[in-house]
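So this one's upload_35.txt, compact mmCIF, C-alpha atoms:
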```txt
# COMPACT_ATOMS: atom_id res chain seq x y z
CA MET J 1 27.12 -117.29 75.38
CA ALA J 2 29.69 -120.03 74.89
CA ALA J 3 28.73 -123.08 72.85
CA ASP J 4 29.34 -125.44 75.76
CA GLN J 5 27.10 -123.61 78.24
CA THR J 6 23.70 -125.06 79.01
CA THR J 7 20.73 -122.73 79.15
CA SER J 8 17.09 -123.15 79.92
CA PHE J 9 15.54 -121.37 76.99
CA THR J 10 11.84 -120.99 77.73
CA LYS J 11 8.82 -119.07 76.49
CA GLU J 12 9.52 -116.52 79.20
CA VAL J 13 13.12 -116.01 78.10
CA PHE J 14 12.01 -115.65 74.48
CA ASP J 15 9.30 -113.17 75.50
CA GLN J 16 11.80 -111.13 77.52
CA LEU J 17 14.33 -110.99 74.66
CA ILE J 18 11.79 -109.80 72.09
CA SER J 19 10.13 -107.42 74.56
CA GLU J 20 13.48 -105.78 75.32
CA LYS J 21 14.09 -105.25 71.60
CA ILE J 22 10.57 -104.38 70.45
CA LYS J 23 11.23 -100.65 70.15
CA LEU J 24 14.30 -101.36 68.01
CA ILE J 25 12.29 -103.84 65.93
CA ARG J 26 9.54 -101.24 65.44
CA THR J 27 12.03 -98.49 64.58
CA GLU J 28 13.91 -100.72 62.14
CA ALA J 29 10.62 -101.52 60.37
CA ASP J 30 9.70 -97.82 60.35
CA LEU J 31 6.35 -98.44 62.06
CA THR J 32 4.34 -96.31 64.43
CA GLN J 33 3.32 -97.70 67.80
CA ASP J 34 -0.28 -97.82 66.58
CA ARG J 35 0.64 -99.88 63.51
CA LEU J 36 2.89 -102.37 65.33
CA ALA J 37 0.35 -102.81 68.15
CA ASP J 38 -2.32 -103.55 65.56
CA MET J 39 -0.08 -106.00 63.70
CA ILE J 40 0.71 -108.10 66.77
CA GLY J 41 -2.72 -107.85 68.38
CA ILE J 42 -2.06 -105.73 71.43
CA SER J 43 -3.16 -102.25 72.46
CA LYS J 44 -0.96 -99.22 71.91
CA LYS J 45 -1.04 -98.70 75.69
CA THR J 46 0.41 -102.17 76.22
CA LEU J 47 3.10 -101.56 73.60
CA VAL J 48 4.09 -98.30 75.31
CA GLN J 49 4.41 -100.17 78.62
CA VAL J 50 6.56 -102.83 76.95
CA GLU J 51 8.80 -100.25 75.29
CA LYS J 52 9.29 -98.59 78.68
CA GLY J 53 10.27 -101.94 80.20
CA ARG J 54 7.31 -102.10 82.56
CA GLN J 55 5.90 -105.35 81.18
CA THR J 56 6.52 -107.89 78.45
CA LEU J 57 4.58 -108.70 75.31
CA GLY J 58 3.68 -112.22 76.36
CA PHE J 59 4.86 -115.24 74.39
CA THR J 60 2.17 -115.10 71.71
CA ALA J 61 2.76 -111.46 70.74
CA ALA J 62 6.53 -111.89 71.06
CA ALA J 63 6.44 -114.94 68.78
CA LEU J 64 4.31 -113.11 66.22
CA ALA J 65 6.64 -110.09 66.28
CA ALA J 66 9.68 -112.36 65.84
CA VAL J 67 8.06 -114.17 62.90
CA LEU J 68 6.85 -111.01 61.19
CA PHE J 69 10.24 -109.32 61.51
CA ARG J 70 12.49 -112.40 61.24
CA ALA J 71 14.33 -110.98 58.23
CA GLY J 72 15.24 -107.77 60.09
CA ASP J 73 18.65 -107.19 61.61
CA ILE J 74 17.36 -107.08 65.18
CA VAL J 75 15.64 -110.48 65.14
CA GLN J 76 18.46 -111.94 63.05
CA SER J 77 20.98 -110.77 65.65
CA LEU J 78 19.05 -112.67 68.32
CA PHE J 79 18.22 -115.93 66.55
CA GLY J 80 19.79 -116.03 63.11
CA GLU J 81 17.93 -118.22 60.66
CA SER J 82 16.28 -120.26 63.40
CA VAL J 83 13.46 -118.11 64.75
CA LEU J 84 10.68 -120.41 63.47
CA GLU J 85 12.44 -123.51 64.73
CA ILE J 86 13.06 -121.93 68.13
CA ILE J 87 9.43 -120.83 68.48
CA ASP J 88 8.22 -124.29 67.51
CA LEU J 89 10.60 -125.91 69.96
CA ILE J 90 9.70 -123.79 72.97
CA ALA J 91 5.98 -123.70 72.13
CA TRP J 92 5.85 -127.49 72.27
CA SER J 93 8.36 -127.54 75.17
CA ALA J 94 9.57 -130.93 74.03
CA LYS J 95 11.55 -132.60 71.34
CA SER J 96 10.00 -132.48 67.94
CA LYS J 97 10.59 -133.44 64.34
CA ALA J 98 10.45 -131.28 61.28
CA TRP J 99 11.34 -131.70 57.65
CA TYR J 100 12.52 -128.56 55.98
CA LYS J 101 15.75 -127.33 54.51
CA THR J 102 17.92 -125.18 56.78
CA LEU J 103 20.79 -122.93 55.78
CA GLY J 104 23.22 -125.44 57.27
CA GLY J 105 24.11 -123.61 60.45
CA LYS J 106 27.29 -121.84 59.42
CA VAL J 107 26.75 -118.90 61.78
CA TRP J 108 24.49 -119.78 64.71
CA TRP J 109 25.40 -123.41 65.19
CA TYR J 110 28.28 -125.30 66.75
CA GLU J 111 28.98 -128.76 65.35
CA GLU J 112 28.84 -131.29 68.17
CA LYS J 113 29.18 -134.49 66.10
CA LYS J 114 29.53 -135.37 62.47
CA GLY J 115 28.60 -138.81 61.25
CA HIS J 116 28.37 -140.54 57.88
CA ALA J 117 25.04 -138.96 56.98
CA TYR J 118 24.10 -136.55 59.75
CA VAL J 119 25.44 -133.66 61.81
CA LEU J 120 24.47 -132.96 65.41
CA GLN J 121 24.57 -129.21 66.06
CA LYS J 122 24.06 -127.03 69.13
CA HIS J 123 22.67 -123.51 68.84
CA ILE J 124 25.23 -121.07 70.25
CA PHE J 125 22.62 -118.89 71.92
CA THR J 126 19.64 -121.01 72.94
CA GLY J 127 21.60 -124.20 73.61
CA HIS J 128 19.13 -126.45 71.82
CA TYR J 129 20.25 -129.28 69.58
CA ARG J 130 19.31 -130.29 66.08
CA ILE J 131 20.24 -132.99 63.63
CA ILE J 132 20.55 -132.17 59.95
CA ASP J 133 21.65 -134.28 57.03
CA PHE J 134 24.41 -133.29 54.63
CA ASP J 135 21.83 -131.62 52.36
CA HIS J 136 20.90 -129.42 55.37
CA TYR J 137 17.45 -130.93 55.92
CA LEU J 138 16.32 -130.88 59.54
CA HIS J 139 15.48 -134.29 61.01
CA TYR J 140 15.26 -133.65 64.73
CA TYR J 141 15.64 -131.05 67.46
CA SER J 142 15.49 -131.07 71.24
CA LEU J 143 16.58 -129.21 74.35
CA ASP J 144 17.84 -132.47 75.87
CA PRO J 145 21.46 -133.31 74.92
CA ASP J 146 21.10 -136.99 75.89
CA GLU J 147 18.00 -137.39 73.72
CA ALA J 148 19.69 -135.56 70.84
CA ASN J 149 22.75 -137.82 71.05
CA LYS J 150 20.54 -140.91 71.27
CA ARG J 151 18.55 -139.85 68.20
CA PHE J 152 21.78 -138.99 66.34
CA ASN J 153 23.09 -142.50 66.99
CA GLU J 154 19.77 -144.03 65.91
CA LEU J 155 19.79 -142.09 62.64
CA GLU J 156 23.43 -142.88 61.94
CA ASN J 157 22.86 -146.58 62.55
CA SER J 158 19.63 -146.93 60.59
```
Output the structure of this file as structure tokens.
Amino acid sequence: MAADQTTSFTKEVFDQLISEKIKLIRTEADLTQDRLADMIGISKKTLVQVEKGRQTLGFTAAALAAVLFRAGDIVQSLFGESVLEIIDLIAWSAKSKAWYKTLGGKVWWYEEKKGHAYVLQKHIFTGHYRIIDFDHYLHYYSLDPDEANKRFNELENS
């Protein structure tokens, strides 16, 4: 997906992405269906249906699977370093603040604006925005580009 495209990244989209990859996630982690189902709180029967593409995990189980396997290649290929941030963002379905150190966004982020103290970035896949400082600490994120630009200007001018 191009950096300038807008997407509506929702709980349902997240659920679908993880559900489509759950068999690969399970295989990569070398887990049985029984073990993975137990880990994410669903029945083996449900997991089999998900792996066959007949249903999805649901946001809660998809989020748990993404968090538990966030260091694996499959989840990394979908979300990079940002899986926790993405889950938080779509779970709240609104702009939010957080204060933790990111990796700086060298792979999964497009730089929209660079100021004196902050950088406004756009995620290349989900299309959400975040503001980090030059030490890579997260100050803000949102799905709304106008709100993100407004907050960027507020931070730069404070």
**OP:** Between J:Glu20, J:Asp34, J:Asp133, J:Glu85, single out the one closest to Val50 (chain J), counting all atoms listed in the file.
**Re:**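 The answer is J:Glu20, which sits nearest to Val50 (chain J).
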List as JSON lines every residue of region 53-131 of chain J that is in contact with region 8-17 of chain J, defined as an atom at most 7 Å from one of its atoms (using only C-alpha atoms), together with the nearest atom pair and the distance in Å rounded to one decimal, sorted by chain and then rising number.
```
{"residue": "J:Thr56", "atom": "CA", "partner": "J:Gln16", "partner_atom": "CA", "distance": 6.3}
{"residue": "J:Leu57", "atom": "CA", "partner": "J:Asp15", "partner_atom": "CA", "distance": 6.5}
{"residue": "J:Gly58", "atom": "CA", "partner": "J:Asp15", "partner_atom": "CA", "distance": 5.8}
{"residue": "J:Phe59", "atom": "CA", "partner": "J:Asp15", "partner_atom": "CA", "distance": 5.0}
{"residue": "J:Ala62", "atom": "CA", "partner": "J:Asp15", "partner_atom": "CA", "distance": 5.4}
{"residue": "J:Ile90", "atom": "CA", "partner": "J:Thr10", "partner_atom": "CA", "distance": 5.9}
{"residue": "J:Ala91", "atom": "CA", "partner": "J:Lys11", "partner_atom": "CA", "distance": 7.0}
{"residue": "J:Thr126", "atom": "CA", "partner": "J:Phe9", "partner_atom": "CA", "distance": 5.8}
```
Rows by chain and residue number, region 63-92 of chain J within 10 Å of region 35-39 of chain J, shortest pair, all atoms listed in the file, as JSON lines:
```
{"residue": "J:Leu64", "atom": "CA", "partner": "J:Met39", "partner_atom": "CA", "distance": 8.7}
{"residue": "J:Ala65", "atom": "CA", "partner": "J:Met39", "partner_atom": "CA", "distance": 8.3}
{"residue": "J:Leu68", "atom": "CA", "partner": "J:Met39", "partner_atom": "CA", "distance": 8.9}
```
Subject >> Distance query Glu28 (chain J) at most 8 Å, all atoms listed in the file, self and fewer than 4 positions along chain excluded, as a PyMOL selection string >> reply: chain J and resi 24+72+74
Now that the selection is made, can you save its residues with C-alpha atoms as a short mmCIF file (atom, residue, chain, number, x, y, z; two decimals), keeping the file's coordinate frame?
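Generated file (again25.cif):
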```cif
data_model
loop_
_atom_site.label_atom_id
_atom_site.label_comp_id
_atom_site.auth_asym_id
_atom_site.auth_seq_id
_atom_site.Cartn_x
_atom_site.Cartn_y
_atom_site.Cartn_z
CA LEU J 24 14.30 -101.36 68.01
CA GLY J 72 15.24 -107.77 60.09
CA ILE J 74 17.36 -107.08 65.18
#
```
Original post:
Taking into account all atoms listed in the file, which residue in the set J:Lys106, J:Lys44, J:Arg130, J:His136 is nearest to Gly80 (chain J)?
Top reply: J:Lys106
Original post:
Out of J:Pro145, J:Gly127, J:Gly41, J:Gly104, which residue has the shortest atom-to-atom distance to Ile86 (chain J) when counting all atoms listed in the file?
Top reply: J:Gly127
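Proximity to Trp108 (chain J) was assessed for J:Glu51, J:Glu147, J:Glu81, J:Asp88 counting all atoms listed in the file; the smallest distance is recorded for J:Glu81.
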**OP:** Have a look at J:Gly115, J:Trp109, J:Lys122, J:His128 and name the one nearest to Asn157 (chain J); count all atoms listed in the file.
**Re:** J:Gly115
Subject >> Who sits within 12 Å of Phe152 (chain J), all atoms listed in the file, same chain under 6 positions skipped, as a VMD selection string >> reply: chain J and resid 112 to 121 129 to 133 138 to 142 145 to 146 158
Original post:
Which residue out of J:Gly105, J:Thr32, J:Leu89, J:Ser19 has the minimum interatomic distance to Phe134 (chain J) when all atoms listed in the file are used?
Top reply: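 Closest candidate: J:Gly105.
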Subject >> Interatomic distance, CA of Leu78 (chain J) to CA of Arg151 (chain J) (Å, one decimal) >> reply: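 So the answer is 27.2 Å.
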Working from the structure I just supplied, which lacks atoms in region 16-43 of chain J, can you model N, CA and C atoms there and output them as a PDB file, in the frame of the given file?
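Saved to result22.pdb:
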```
ATOM      1  N   GLN J  16      10.973-112.202  76.967  1.00  0.00           N
ATOM      2  CA  GLN J  16      11.800-111.130  77.520  1.00  0.00           C
ATOM      3  C   GLN J  16      12.751-110.570  76.457  1.00  0.00           C
ATOM      4  N   LEU J  17      13.389-111.439  75.689  1.00  0.00           N
ATOM      5  CA  LEU J  17      14.330-110.990  74.660  1.00  0.00           C
ATOM      6  C   LEU J  17      13.645-110.119  73.605  1.00  0.00           C
ATOM      7  N   ILE J  18      12.502-110.579  73.120  1.00  0.00           N
ATOM      8  CA  ILE J  18      11.790-109.800  72.090  1.00  0.00           C
ATOM      9  C   ILE J  18      11.232-108.522  72.696  1.00  0.00           C
ATOM     10  N   SER J  19      10.689-108.616  73.902  1.00  0.00           N
ATOM     11  CA  SER J  19      10.130-107.420  74.560  1.00  0.00           C
ATOM     12  C   SER J  19      11.187-106.339  74.749  1.00  0.00           C
ATOM     13  N   GLU J  20      12.388-106.751  75.134  1.00  0.00           N
ATOM     14  CA  GLU J  20      13.480-105.780  75.320  1.00  0.00           C
ATOM     15  C   GLU J  20      13.899-105.110  74.020  1.00  0.00           C
ATOM     16  N   LYS J  21      13.662-105.774  72.903  1.00  0.00           N
ATOM     17  CA  LYS J  21      14.090-105.250  71.600  1.00  0.00           C
ATOM     18  C   LYS J  21      12.942-104.706  70.755  1.00  0.00           C
ATOM     19  N   ILE J  22      11.727-104.713  71.287  1.00  0.00           N
ATOM     20  CA  ILE J  22      10.570-104.380  70.450  1.00  0.00           C
ATOM     21  C   ILE J  22      10.626-102.951  69.904  1.00  0.00           C
ATOM     22  N   LYS J  23      11.130-102.022  70.661  1.00  0.00           N
ATOM     23  CA  LYS J  23      11.230-100.650  70.150  1.00  0.00           C
ATOM     24  C   LYS J  23      12.220-100.590  68.988  1.00  0.00           C
ATOM     25  N   LEU J  24      13.338-101.304  69.106  1.00  0.00           N
ATOM     26  CA  LEU J  24      14.300-101.360  68.010  1.00  0.00           C
ATOM     27  C   LEU J  24      13.706-102.052  66.783  1.00  0.00           C
ATOM     28  N   ILE J  25      12.953-103.121  67.023  1.00  0.00           N
ATOM     29  CA  ILE J  25      12.290-103.840  65.930  1.00  0.00           C
ATOM     30  C   ILE J  25      11.310-102.898  65.226  1.00  0.00           C
ATOM     31  N   ARG J  26      10.515-102.182  66.007  1.00  0.00           N
ATOM     32  CA  ARG J  26       9.540-101.240  65.440  1.00  0.00           C
ATOM     33  C   ARG J  26      10.235-100.130  64.659  1.00  0.00           C
ATOM     34  N   THR J  27      11.292 -99.573  65.233  1.00  0.00           N
ATOM     35  CA  THR J  27      12.030 -98.490  64.580  1.00  0.00           C
ATOM     36  C   THR J  27      12.675 -98.974  63.286  1.00  0.00           C
ATOM     37  N   GLU J  28      13.281-100.159  63.341  1.00  0.00           N
ATOM     38  CA  GLU J  28      13.910-100.720  62.140  1.00  0.00           C
ATOM     39  C   GLU J  28      12.891-100.904  61.019  1.00  0.00           C
ATOM     40  N   ALA J  29      11.668-101.298  61.372  1.00  0.00           N
ATOM     41  CA  ALA J  29      10.620-101.520  60.370  1.00  0.00           C
ATOM     42  C   ALA J  29       9.906-100.228  59.989  1.00  0.00           C
ATOM     43  N   ASP J  30      10.282 -99.131  60.623  1.00  0.00           N
ATOM     44  CA  ASP J  30       9.700 -97.820  60.350  1.00  0.00           C
ATOM     45  C   ASP J  30       8.181 -97.824  60.557  1.00  0.00           C
ATOM     46  N   LEU J  31       7.778 -98.353  61.721  1.00  0.00           N
ATOM     47  CA  LEU J  31       6.350 -98.440  62.060  1.00  0.00           C
ATOM     48  C   LEU J  31       6.032 -97.533  63.241  1.00  0.00           C
ATOM     49  N   THR J  32       4.821 -97.053  63.266  1.00  0.00           N
ATOM     50  CA  THR J  32       4.340 -96.310  64.430  1.00  0.00           C
ATOM     51  C   THR J  32       3.949 -97.324  65.508  1.00  0.00           C
ATOM     52  N   GLN J  33       3.800 -96.839  66.719  1.00  0.00           N
ATOM     53  CA  GLN J  33       3.320 -97.700  67.800  1.00  0.00           C
ATOM     54  C   GLN J  33       1.938 -98.239  67.481  1.00  0.00           C
ATOM     55  N   ASP J  34       1.077 -97.383  66.943  1.00  0.00           N
ATOM     56  CA  ASP J  34      -0.280 -97.820  66.580  1.00  0.00           C
ATOM     57  C   ASP J  34      -0.231 -98.989  65.599  1.00  0.00           C
ATOM     58  N   ARG J  35       0.583 -98.846  64.564  1.00  0.00           N
ATOM     59  CA  ARG J  35       0.640 -99.880  63.510  1.00  0.00           C
ATOM     60  C   ARG J  35       1.202-101.192  64.048  1.00  0.00           C
ATOM     61  N   LEU J  36       2.308-101.131  64.794  1.00  0.00           N
ATOM     62  CA  LEU J  36       2.890-102.370  65.330  1.00  0.00           C
ATOM     63  C   LEU J  36       1.916-103.029  66.311  1.00  0.00           C
ATOM     64  N   ALA J  37       1.312-102.250  67.186  1.00  0.00           N
ATOM     65  CA  ALA J  37       0.350-102.810  68.150  1.00  0.00           C
ATOM     66  C   ALA J  37      -0.767-103.539  67.412  1.00  0.00           C
ATOM     67  N   ASP J  38      -1.278-102.933  66.356  1.00  0.00           N
ATOM     68  CA  ASP J  38      -2.320-103.550  65.560  1.00  0.00           C
ATOM     69  C   ASP J  38      -1.834-104.846  64.899  1.00  0.00           C
ATOM     70  N   MET J  39      -0.627-104.821  64.388  1.00  0.00           N
ATOM     71  CA  MET J  39      -0.080-106.000  63.700  1.00  0.00           C
ATOM     72  C   MET J  39       0.061-107.205  64.626  1.00  0.00           C
ATOM     73  N   ILE J  40       0.470-106.963  65.867  1.00  0.00           N
ATOM     74  CA  ILE J  40       0.710-108.100  66.770  1.00  0.00           C
ATOM     75  C   ILE J  40      -0.428-108.323  67.770  1.00  0.00           C
ATOM     76  N   GLY J  41      -1.507-107.574  67.607  1.00  0.00           N
ATOM     77  CA  GLY J  41      -2.720-107.850  68.380  1.00  0.00           C
ATOM     78  C   GLY J  41      -2.706-107.393  69.816  1.00  0.00           C
ATOM     79  N   ILE J  42      -2.041-106.290  70.079  1.00  0.00           N
ATOM     80  CA  ILE J  42      -2.060-105.730  71.430  1.00  0.00           C
ATOM     81  C   ILE J  42      -2.484-104.258  71.334  1.00  0.00           C
ATOM     82  N   SER J  43      -2.784-103.664  72.466  1.00  0.00           N
ATOM     83  CA  SER J  43      -3.160-102.250  72.460  1.00  0.00           C
ATOM     84  C   SER J  43      -1.894-101.381  72.398  1.00  0.00           C
TER      85      SER J  43
END
```
